Amino acid sequence: MAIKTNKISILGSLIVLILLVFLGSCNKEPKKTKAVNLELVKEIDLAVKEPSGLCYSANKNAFYTVSDNSASIYKLSLTGALIKQLNYKGQDLEGVTLNPNNGNIFVVEERKRELVQLDSEGNEINRQHLDIEINDANKGLEGVAFNPKNNHIYVLNEQNPGLLIELDESGKIIKQTDLSFAIDYSGIFYEQTEDVLWIVSDKSKSITKCDLNGKKLNSYKIKESKAEGIVVDSNLKRIYVVLDGLDKLQVYKY
């Protein structure tokens, strides 16, 4: 009887071991998916030198961009033609976004770490210094996006550290999130249909779809570096990117 009992005990132990191995394999995290290469549909030469930042107009029939070269804001057609230059003259302009509810425009000035609010003609309404860590004067505020659902503003700090900064409608910083999915962070866009953020990286040659907390959802590879502004049309499945050093607007299909 002792021998039979030992056999049953050994068999039981084997069954338990097999179950543990099986359950362990089921609980393993899925393999990380590689970034998908986007299809380049079109590339357009721009009259704006060193474009940095991109956003839709209020009715989405035009774009706004800023220039590193002239520190000015420009309105462009959806095919990249220059419509007009706005009144504002800034310093080291990088990102641009628009509040579609009232037409006000926000830009960021990188070295000064300032968020500037303007009216639709480019006249200054308000400016705010963002008190964030400074490790490199030329790796500061780089992108800005507006969420019309709650009037929150999202600002990117480019590098050292890479940050996603969320401000409420009064301009109070309510959240800072360290980003680690790219080398740097050069442009941001809020997409209302899916309630997500799209972040472009110059040095990583990548576009990342994130939730509102900066968590990566999908990643895409693009053809060129110097990408510093992004707009996404989820209905047309198109991504528009401006290239700072090449003075171009690229259109990708996703």
# chains A, B, ... in the order shown; residues from 1 in each chain; ligands from 1
>>> residues_around(residues="A:Lys84", least_positions_apart="3", cutoff="8 Å", atoms="only C-alpha atoms", output="ChimeraX atom specification")
/A:74-76
>>> residues_around(residues="A:Ser204", least_positions_apart="5", cutoff="10 Å", atoms="only C-alpha atoms", output="number ranges by chain")
A: 181-185, 221-222, 224-227
>>> write_last_selection(atoms="N, CA and C atoms", output="PDB file, in the first residue's frame")
ATOM      1  N   PHE A 181       9.583  56.626 -24.619  1.00  0.00           N
ATOM      2  CA  PHE A 181       9.439  55.774 -25.804  1.00  0.00           C
ATOM      3  C   PHE A 181      10.179  56.309 -27.024  1.00  0.00           C
ATOM      4  N   ALA A 182      10.873  57.440 -26.897  1.00  0.00           N
ATOM      5  CA  ALA A 182      11.629  57.997 -28.032  1.00  0.00           C
ATOM      6  C   ALA A 182      12.857  58.734 -27.504  1.00  0.00           C
ATOM      7  N   ILE A 183      13.754  59.092 -28.427  1.00  0.00           N
ATOM      8  CA  ILE A 183      14.957  59.826 -28.037  1.00  0.00           C
ATOM      9  C   ILE A 183      14.609  61.253 -27.649  1.00  0.00           C
ATOM     10  N   ASP A 184      13.743  61.879 -28.452  1.00  0.00           N
ATOM     11  CA  ASP A 184      13.266  63.227 -28.146  1.00  0.00           C
ATOM     12  C   ASP A 184      11.800  63.325 -28.547  1.00  0.00           C
ATOM     13  N   TYR A 185      11.174  64.472 -28.244  1.00  0.00           N
ATOM     14  CA  TYR A 185       9.741  64.661 -28.486  1.00  0.00           C
ATOM     15  C   TYR A 185       9.559  66.051 -29.091  1.00  0.00           C
ATOM     16  N   LYS A 221       6.894  54.231 -37.869  1.00  0.00           N
ATOM     17  CA  LYS A 221       8.158  54.779 -38.360  1.00  0.00           C
ATOM     18  C   LYS A 221       7.901  55.681 -39.559  1.00  0.00           C
ATOM     19  N   ILE A 222       8.652  56.780 -39.640  1.00  0.00           N
ATOM     20  CA  ILE A 222       8.525  57.690 -40.778  1.00  0.00           C
ATOM     21  C   ILE A 222       9.862  57.791 -41.506  1.00  0.00           C
ATOM     22  N   GLU A 224      11.721  60.489 -42.674  1.00  0.00           N
ATOM     23  CA  GLU A 224      12.731  61.527 -42.462  1.00  0.00           C
ATOM     24  C   GLU A 224      12.853  61.912 -40.983  1.00  0.00           C
ATOM     25  N   SER A 225      14.028  62.437 -40.624  1.00  0.00           N
ATOM     26  CA  SER A 225      14.183  63.125 -39.349  1.00  0.00           C
ATOM     27  C   SER A 225      13.726  64.578 -39.555  1.00  0.00           C
ATOM     28  N   LYS A 226      13.915  65.420 -38.564  1.00  0.00           N
ATOM     29  CA  LYS A 226      13.514  66.831 -38.599  1.00  0.00           C
ATOM     30  C   LYS A 226      11.998  67.016 -38.577  1.00  0.00           C
ATOM     31  N   ALA A 227      11.247  65.967 -38.197  1.00  0.00           N
ATOM     32  CA  ALA A 227       9.788  66.096 -38.072  1.00  0.00           C
ATOM     33  C   ALA A 227       9.488  66.840 -36.778  1.00  0.00           C
TER      34      ALA A 227
END
>>> closest_residue(among="A:Ser170, A:Ser219, A:Asn138, A:Ser67", to="A:Glu110", atoms="only C-alpha atoms")
A:Asn138
>>> decode(residues="stretch 115-149 of chain A", atoms="N, CA and C atoms", output="CSV table (one decimal), in the first residue's frame")
chain,number,residue,atom,x,y,z
A,115,LEU,N,4.5,79.6,-22.4
A,115,LEU,CA,3.3,79.3,-23.2
A,115,LEU,C,2.6,80.7,-23.4
A,116,VAL,N,2.4,81.0,-24.7
A,116,VAL,CA,1.8,82.3,-25.0
A,116,VAL,C,0.5,82.1,-25.7
A,117,GLN,N,-0.5,82.8,-25.2
A,117,GLN,CA,-1.9,82.8,-25.8
A,117,GLN,C,-2.1,84.0,-26.6
A,118,LEU,N,-2.7,83.8,-27.8
A,118,LEU,CA,-2.9,84.9,-28.8
A,118,LEU,C,-4.3,84.9,-29.3
A,119,ASP,N,-4.8,86.0,-29.9
A,119,ASP,CA,-6.1,85.9,-30.6
A,119,ASP,C,-5.9,85.4,-32.0
A,120,SER,N,-6.9,85.3,-32.8
A,120,SER,CA,-6.8,84.7,-34.1
A,120,SER,C,-6.0,85.5,-35.1
A,121,GLU,N,-5.7,86.8,-34.8
A,121,GLU,CA,-4.8,87.6,-35.7
A,121,GLU,C,-3.4,87.6,-35.2
A,122,GLY,N,-3.1,86.9,-34.0
A,122,GLY,CA,-1.7,86.9,-33.5
A,122,GLY,C,-1.4,87.9,-32.5
A,123,ASN,N,-2.4,88.6,-32.0
A,123,ASN,CA,-2.1,89.6,-30.9
A,123,ASN,C,-2.1,88.9,-29.6
A,124,GLU,N,-1.1,89.3,-28.8
A,124,GLU,CA,-0.9,88.6,-27.5
A,124,GLU,C,-2.0,88.9,-26.5
A,125,ILE,N,-2.5,87.8,-25.8
A,125,ILE,CA,-3.5,88.0,-24.8
A,125,ILE,C,-2.8,87.7,-23.4
A,126,ASN,N,-2.0,86.7,-23.4
A,126,ASN,CA,-1.4,86.3,-22.1
A,126,ASN,C,-0.2,85.4,-22.3
A,127,ARG,N,0.7,85.4,-21.4
A,127,ARG,CA,1.9,84.5,-21.4
A,127,ARG,C,2.1,83.9,-20.0
A,128,GLN,N,2.7,82.7,-20.0
A,128,GLN,CA,2.9,82.0,-18.7
A,128,GLN,C,4.2,81.3,-18.8
A,129,HIS,N,5.1,81.5,-17.8
A,129,HIS,CA,6.3,80.8,-17.6
A,129,HIS,C,6.0,79.4,-17.0
A,130,LEU,N,6.6,78.3,-17.6
A,130,LEU,CA,6.4,77.0,-17.0
A,130,LEU,C,7.6,76.6,-16.2
A,131,ASP,N,7.4,76.4,-14.9
A,131,ASP,CA,8.5,76.1,-14.0
A,131,ASP,C,8.8,74.7,-14.0
A,132,ILE,N,9.7,74.3,-15.0
A,132,ILE,CA,10.1,72.9,-15.1
A,132,ILE,C,11.6,72.8,-15.1
A,133,GLU,N,12.1,71.6,-14.9
A,133,GLU,CA,13.6,71.4,-14.8
A,133,GLU,C,14.3,71.8,-16.1
A,134,ILE,N,15.4,72.6,-15.9
A,134,ILE,CA,16.1,73.0,-17.1
A,134,ILE,C,17.5,72.4,-17.0
A,135,ASN,N,17.8,71.5,-18.0
A,135,ASN,CA,19.1,70.9,-18.1
A,135,ASN,C,19.9,71.3,-19.4
A,136,ASP,N,19.1,71.8,-20.3
A,136,ASP,CA,19.7,72.2,-21.6
A,136,ASP,C,18.7,73.3,-22.2
A,137,ALA,N,19.2,74.5,-22.4
A,137,ALA,CA,18.4,75.6,-22.8
A,137,ALA,C,17.7,75.3,-24.2
A,138,ASN,N,18.4,74.5,-25.0
A,138,ASN,CA,17.9,74.2,-26.4
A,138,ASN,C,17.2,72.9,-26.4
A,139,LYS,N,16.8,72.3,-25.3
A,139,LYS,CA,16.0,71.1,-25.3
A,139,LYS,C,14.8,71.4,-24.4
A,140,GLY,N,14.1,72.5,-24.6
A,140,GLY,CA,13.0,72.9,-23.8
A,140,GLY,C,11.6,72.6,-24.4
A,141,LEU,N,10.7,73.6,-24.3
A,141,LEU,CA,9.4,73.4,-24.8
A,141,LEU,C,9.4,73.3,-26.3
A,142,GLU,N,8.7,72.2,-26.8
A,142,GLU,CA,8.8,71.9,-28.2
A,142,GLU,C,7.5,71.7,-28.9
A,143,GLY,N,6.4,71.3,-28.2
A,143,GLY,CA,5.2,71.1,-28.8
A,143,GLY,C,4.0,71.4,-27.9
A,144,VAL,N,2.8,71.7,-28.4
A,144,VAL,CA,1.7,72.1,-27.6
A,144,VAL,C,0.4,71.6,-28.4
A,145,ALA,N,-0.6,71.1,-27.6
A,145,ALA,CA,-1.8,70.7,-28.1
A,145,ALA,C,-3.0,71.1,-27.2
A,146,PHE,N,-4.2,71.3,-27.8
A,146,PHE,CA,-5.3,71.7,-27.0
A,146,PHE,C,-6.4,70.7,-27.1
A,147,ASN,N,-7.0,70.4,-25.9
A,147,ASN,CA,-8.2,69.5,-25.8
A,147,ASN,C,-9.4,70.3,-25.6
A,148,PRO,N,-10.3,70.4,-26.6
A,148,PRO,CA,-11.5,71.2,-26.5
A,148,PRO,C,-12.6,70.6,-25.6
A,149,LYS,N,-12.4,69.3,-25.2
A,149,LYS,CA,-13.4,68.7,-24.4
A,149,LYS,C,-13.4,69.2,-22.9
